[in-house]
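A.B. asks: Structure file coords-v6.cif, mmCIF, C-alpha atoms, is pasted below:
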data_structure
#
loop_
_atom_site.group_PDB
_atom_site.id
_atom_site.type_symbol
_atom_site.label_atom_id
_atom_site.label_comp_id
_atom_site.auth_asym_id
_atom_site.auth_seq_id
_atom_site.Cartn_x
_atom_site.Cartn_y
_atom_site.Cartn_z
ATOM 1 C CA MET A 1 12.117 -23.679 -11.484
ATOM 2 C CA PHE A 2 14.676 -22.658 -14.044
ATOM 3 C CA ILE A 3 18.304 -21.549 -13.777
ATOM 4 C CA ARG A 4 19.780 -18.547 -15.551
ATOM 5 C CA ASP A 5 22.495 -15.908 -15.264
ATOM 6 C CA ALA A 6 21.817 -13.298 -12.597
ATOM 7 C CA ARG A 7 20.882 -9.783 -13.684
ATOM 8 C CA TYR A 8 22.697 -6.777 -12.259
ATOM 9 C CA GLU A 9 19.576 -5.377 -10.597
ATOM 10 C CA GLU A 10 19.059 -8.683 -8.739
ATOM 11 C CA PHE A 11 22.296 -8.543 -6.740
ATOM 12 C CA PRO A 12 20.734 -6.938 -3.639
ATOM 13 C CA GLU A 13 18.125 -9.751 -3.535
ATOM 14 C CA ILE A 14 20.823 -12.372 -4.179
ATOM 15 C CA GLY A 15 22.948 -11.002 -1.338
ATOM 16 C CA ASP A 16 19.972 -11.017 1.026
ATOM 17 C CA LEU A 17 19.143 -14.619 0.059
ATOM 18 C CA ARG A 18 22.726 -15.767 0.698
ATOM 19 C CA VAL A 19 22.861 -14.188 4.136
ATOM 20 C CA ALA A 20 19.364 -15.447 5.071
ATOM 21 C CA ALA A 21 20.224 -19.012 4.022
ATOM 22 C CA TYR A 22 23.549 -19.063 5.892
ATOM 23 C CA LEU A 23 21.934 -17.532 9.008
ATOM 24 C CA ALA A 24 18.974 -19.951 8.921
ATOM 25 C CA ASP A 25 21.288 -22.954 8.784
ATOM 26 C CA GLY A 26 23.544 -21.607 11.542
ATOM 27 C CA PHE A 27 26.587 -21.185 9.255
ATOM 28 C CA LEU A 28 26.847 -17.431 9.760
ATOM 29 C CA ARG A 29 26.685 -15.450 12.984
ATOM 30 C CA PRO A 30 24.322 -12.442 12.935
ATOM 31 C CA ASN A 31 27.227 -10.062 13.627
ATOM 32 C CA SER A 32 29.660 -11.784 11.251
ATOM 33 C CA GLY A 33 32.110 -9.639 9.355
ATOM 34 C CA TYR A 34 31.699 -12.073 6.447
ATOM 35 C CA ALA A 35 28.043 -11.104 5.808
ATOM 36 C CA PRO A 36 28.883 -7.939 3.779
ATOM 37 C CA ARG A 37 31.332 -9.923 1.625
ATOM 38 C CA LEU A 38 28.788 -12.706 1.119
ATOM 39 C CA ARG A 39 26.205 -10.113 0.028
ATOM 40 C CA ALA A 40 28.585 -8.462 -2.433
ATOM 41 C CA LEU A 41 30.060 -11.515 -4.206
ATOM 42 C CA GLY A 42 29.696 -11.083 -7.956
ATOM 43 C CA ALA A 43 28.098 -7.641 -7.843
ATOM 44 C CA ASP A 44 31.383 -6.183 -9.126
ATOM 45 C CA GLY A 45 31.076 -8.233 -12.322
ATOM 46 C CA VAL A 46 33.893 -10.608 -11.339
ATOM 47 C CA GLY A 47 32.789 -14.197 -11.809
ATOM 48 C CA LEU A 48 29.482 -15.613 -12.930
ATOM 49 C CA VAL A 49 26.410 -15.771 -10.708
ATOM 50 C CA LEU A 50 23.589 -18.164 -11.520
ATOM 51 C CA VAL A 51 20.134 -18.004 -9.964
ATOM 52 C CA ALA A 52 17.346 -20.545 -9.585
ATOM 53 C CA VAL A 53 14.039 -18.846 -10.237
ATOM 54 C CA ALA A 54 10.619 -20.069 -9.191
ATOM 55 C CA GLY A 55 8.249 -19.789 -12.124
ATOM 56 C CA GLU A 56 4.659 -18.680 -12.417
ATOM 57 C CA GLY A 57 2.237 -20.293 -10.021
ATOM 58 C CA GLN A 58 4.882 -21.095 -7.420
ATOM 59 C CA GLU A 59 4.875 -19.285 -4.094
ATOM 60 C CA ARG A 60 7.402 -16.554 -3.535
ATOM 61 C CA ALA A 61 9.581 -16.468 -0.461
ATOM 62 C CA SER A 62 8.182 -13.024 0.315
ATOM 63 C CA GLU A 63 4.500 -13.073 1.211
ATOM 64 C CA ALA A 64 4.182 -9.395 0.257
ATOM 65 C CA ALA A 65 5.108 -10.119 -3.369
ATOM 66 C CA ASP A 66 2.734 -11.063 -6.160
ATOM 67 C CA ALA A 67 2.616 -14.885 -6.202
ATOM 68 C CA THR A 68 2.722 -14.989 -10.026
ATOM 69 C CA THR A 69 5.997 -13.054 -10.292
ATOM 70 C CA PRO A 70 9.107 -15.227 -10.608
ATOM 71 C CA SER A 71 11.426 -15.062 -7.596
ATOM 72 C CA ILE A 72 14.987 -16.070 -6.861
ATOM 73 C CA ILE A 73 15.042 -19.191 -4.672
ATOM 74 C CA GLY A 74 18.726 -20.094 -4.949
ATOM 75 C CA THR A 75 22.084 -18.960 -6.229
ATOM 76 C CA VAL A 76 25.638 -20.111 -6.874
ATOM 77 C CA MET A 77 28.768 -18.383 -8.161
ATOM 78 C CA LEU A 78 31.585 -19.510 -10.451
ATOM 79 C CA GLN A 79 34.926 -17.721 -10.105
ATOM 80 C CA PRO A 80 37.583 -18.718 -12.624
ATOM 81 C CA TRP A 81 41.317 -18.096 -12.555
ATOM 82 C CA PRO A 82 42.772 -15.585 -11.736
ATOM 83 C CA ASP A 83 39.817 -14.237 -9.738
ATOM 84 C CA GLY A 84 39.107 -17.406 -7.774
ATOM 85 C CA GLY A 85 39.972 -17.557 -4.109
ATOM 86 C CA GLU A 86 43.005 -19.011 -2.387
ATOM 87 C CA ILE A 87 42.280 -22.554 -3.549
ATOM 88 C CA VAL A 88 42.420 -21.755 -7.282
ATOM 89 C CA THR A 89 46.064 -22.145 -8.251
ATOM 90 C CA SER A 90 46.171 -22.452 -12.054
ATOM 91 C CA PRO A 91 44.425 -21.185 -15.210
ATOM 92 C CA ASP A 92 42.520 -24.436 -15.755
ATOM 93 C CA GLU A 93 40.846 -24.210 -12.324
ATOM 94 C CA ALA A 94 37.768 -22.353 -11.085
ATOM 95 C CA GLU A 95 35.939 -22.129 -7.786
ATOM 96 C CA ILE A 96 32.290 -22.557 -6.858
ATOM 97 C CA ARG A 97 31.258 -20.050 -4.201
ATOM 98 C CA ALA A 98 28.242 -18.997 -2.195
ATOM 99 C CA LEU A 99 25.810 -21.810 -2.949
ATOM 100 C CA ALA A 100 22.646 -20.755 -1.149
ATOM 101 C CA VAL A 101 19.016 -21.828 -1.261
ATOM 102 C CA SER A 102 16.164 -19.878 0.270
ATOM 103 C CA PRO A 103 15.127 -21.492 3.572
ATOM 104 C CA GLN A 104 11.595 -21.910 2.145
ATOM 105 C CA ALA A 105 12.892 -23.805 -0.918
ATOM 106 C CA GLN A 106 15.340 -26.169 0.789
ATOM 107 C CA SER A 107 14.935 -29.937 0.277
ATOM 108 C CA ALA A 108 13.256 -29.347 -3.104
ATOM 109 C CA GLY A 109 16.275 -30.105 -5.309
ATOM 110 C CA VAL A 110 17.263 -26.484 -5.864
ATOM 111 C CA GLY A 111 20.816 -26.914 -4.547
ATOM 112 C CA ARG A 112 21.307 -30.061 -6.614
ATOM 113 C CA ALA A 113 20.093 -28.257 -9.763
ATOM 114 C CA LEU A 114 22.369 -25.277 -9.094
ATOM 115 C CA VAL A 115 25.423 -27.504 -8.613
ATOM 116 C CA ALA A 116 24.651 -29.358 -11.857
ATOM 117 C CA ALA A 117 24.198 -26.055 -13.720
ATOM 118 C CA VAL A 118 27.442 -24.534 -12.438
ATOM 119 C CA VAL A 119 29.368 -27.714 -13.283
ATOM 120 C CA GLN A 120 27.945 -27.622 -16.831
ATOM 121 C CA ARG A 121 28.801 -23.943 -17.210
ATOM 122 C CA ALA A 122 32.347 -24.473 -15.933
ATOM 123 C CA ALA A 123 32.861 -27.316 -18.425
ATOM 124 C CA ARG A 124 31.569 -25.122 -21.270
ATOM 125 C CA GLU A 125 34.008 -22.405 -20.185
ATOM 126 C CA GLY A 126 36.913 -24.853 -20.465
ATOM 127 C CA VAL A 127 37.512 -25.367 -16.742
ATOM 128 C CA LYS A 128 39.372 -28.632 -16.140
ATOM 129 C CA HIS A 129 39.275 -28.700 -12.328
ATOM 130 C CA LEU A 130 36.395 -27.277 -10.320
ATOM 131 C CA LEU A 131 36.983 -26.564 -6.628
ATOM 132 C CA LEU A 132 34.993 -25.370 -3.639
ATOM 133 C CA SER A 133 35.488 -24.612 0.036
ATOM 134 C CA THR A 134 32.943 -25.580 2.662
ATOM 135 C CA GLN A 135 32.608 -25.432 6.407
ATOM 136 C CA PRO A 136 33.053 -28.743 8.259
ATOM 137 C CA GLU A 137 29.527 -28.361 9.715
ATOM 138 C CA MET A 138 27.846 -28.157 6.283
ATOM 139 C CA LYS A 139 27.102 -31.897 6.188
ATOM 140 C CA ARG A 140 24.110 -31.672 3.798
ATOM 141 C CA ALA A 141 26.243 -29.683 1.345
ATOM 142 C CA HIS A 142 29.062 -32.256 1.586
ATOM 143 C CA HIS A 143 26.595 -34.988 0.629
ATOM 144 C CA LEU A 144 25.319 -32.886 -2.277
ATOM 145 C CA TYR A 145 28.866 -32.273 -3.570
ATOM 146 C CA GLU A 146 29.837 -35.929 -3.229
ATOM 147 C CA ASP A 147 26.687 -36.984 -5.125
ATOM 148 C CA ALA A 148 27.753 -34.569 -7.905
ATOM 149 C CA GLY A 149 31.165 -36.276 -8.161
ATOM 150 C CA PHE A 150 33.276 -33.971 -6.015
ATOM 151 C CA VAL A 151 35.957 -35.568 -3.840
ATOM 152 C CA ARG A 152 37.697 -34.270 -0.721
ATOM 153 C CA LEU A 153 41.087 -32.641 -1.257
ATOM 154 C CA PRO A 154 42.414 -32.373 2.318
ATOM 155 C CA GLU A 155 45.800 -31.145 1.072
ATOM 156 C CA ARG A 156 44.005 -27.946 -0.061
ATOM 157 C CA ASP A 157 42.067 -27.294 3.170
ATOM 158 C CA TRP A 158 42.696 -23.793 4.451
ATOM 159 C CA ALA A 159 41.806 -21.222 7.090
ATOM 160 C CA PRO A 160 40.753 -17.718 5.992
ATOM 161 C CA GLU A 161 41.265 -16.571 9.583
ATOM 162 C CA PRO A 162 42.247 -18.230 12.858
ATOM 163 C CA GLY A 163 39.555 -20.631 14.047
ATOM 164 C CA ILE A 164 37.767 -20.775 10.671
ATOM 165 C CA ASN A 165 38.826 -23.981 8.930
ATOM 166 C CA LEU A 166 37.477 -24.803 5.493
ATOM 167 C CA LEU A 167 37.370 -28.150 3.724
ATOM 168 C CA VAL A 168 38.104 -28.290 -0.001
ATOM 169 C CA TYR A 169 36.385 -30.499 -2.570
ATOM 170 C CA GLY A 170 37.282 -30.856 -6.238
ATOM 171 C CA LYS A 171 35.920 -32.356 -9.436
ATOM 172 C CA LYS A 172 37.816 -33.032 -12.649
ATOM 173 C CA LEU A 173 35.913 -31.885 -15.738
ATOM 174 C CA GLY A 174 36.283 -32.767 -19.388
ATOM 175 C CA ALA A 175 37.738 -35.901 -20.947
ATOM 176 C CA ASP A 176 39.787 -36.840 -17.872
ATOM 177 C CA GLY A 177 36.998 -36.224 -15.354
#
Please re-express this file's structure in structure tokens.

C.D. replies:
Amino acid sequence: MFIRDARYEEFPEIGDLRVAAYLADGFLRPNSGYAPRLRALGADGVGLVLVAVAGEGQERASEAADATTPSIIGTVMLQPWPDGGEIVTSPDEAEIRALAVSPQAQSAGVGRALVAAVVQRAAREGVKHLLLSTQPEMKRAHHLYEDAGFVRLPERDWAPEPGINLLVYGKKLGADG
């Protein structure tokens, strides 16, 4: 597996992977109005999308594909100020969004590698405070974020719509983090 910037032509596959991962884990309803937005994140060129790619010799998620062709097995997005969501409040902040790992590649360290890569990229870009929103039910993700040094910021929790409450985590980067 290696991690690289997403290519424009990969965005349909990335969107499908995000929706499949969220559906498989029960974090997205099949008829959710959020699915189209989840599919489209980053396709407009706003933010940075990273992908984890399975290399030669590894099985692809799609059985119909050639097994020697690299495939996307995970993705994560970095959205800096001023394009970050509601939780990004200053120019030295950025937001991690849409961390997703193919259901077939879960528990193989892909999510951990993507979080490490996006943290490194944010630091290189001069981000001082990295933030993310997560659903309360995403317990495995919470553990992953905490292991990567993120801490809960309950004062930043928010609700994008009634009945949908999101928890916020943050990590200081650079000399003070």

A.B. asks: List the spatial neighbours of Val118 of chain A as a VMD selection string - criterion: any atom at most 8 Å away, only C-alpha atoms, same-chain residues fewer than 6 positions off excluded.

C.D. replies: chain A and resid 50 76 to 78 96

A.B. asks: Could you work out how far atom CA of Ala113 of chain A lies from atom CA of Arg7 of chain A, giving the answer in Å with one decimal?

C.D. replies: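 Atom CA of Ala113 of chain A lies at a distance of 18.9 Å from atom CA of Arg7 of chain A.
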
A.B. asks: For segment 149-159 of chain A, list every protein, DNA or RNA residue within 10 Å, evaluated using all atoms listed in the file, and leave out those in the same chain fewer than 6 positions away; present the list as a list in words.

C.D. replies: Glu86, Ile87, Val88, Leu130, Leu131, Leu132, Ser133, Thr134, His142, His143, Asn165, Leu166, Leu167, Val168, Tyr169, Gly170, Lys171, Lys172, Leu173 and Gly177 of chain A

A.B. asks: I need the residue nearest Glu125 of chain A from this list: A:Gly42, A:Gly47, A:Pro70, A:Gly109. Use only C-alpha atoms for the distance.

C.D. replies: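 Using only C-alpha atoms, the shortest distance to Glu125 of chain A belongs to A:Gly47.
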
A.B. asks: Around (26.9, -6.6, 0.6) in the file's own coordinates, what residues are found within 12 Å if you use all atoms listed in the file, given back as a ChimeraX atom specification?

C.D. replies: /A:11-19,33-44

A.B. asks: In terms of the shortest atom-to-atom distance over all atoms listed in the file, which of A:Leu48, A:Leu114, A:Ala108, A:Ala141 is closest to Glu95 of chain A?

C.D. replies: A:Leu48

A.B. asks: Need to verify the contact set: Arg112 of chain A, 12 Å, only C-alpha atoms, exclusion of same-chain residues closer than 4 positions in sequence. Can you return it as a VMD selection string?

C.D. replies: chain A and resid 3 52 74 to 76 99 to 101 105 to 108 116 to 119 140 to 149
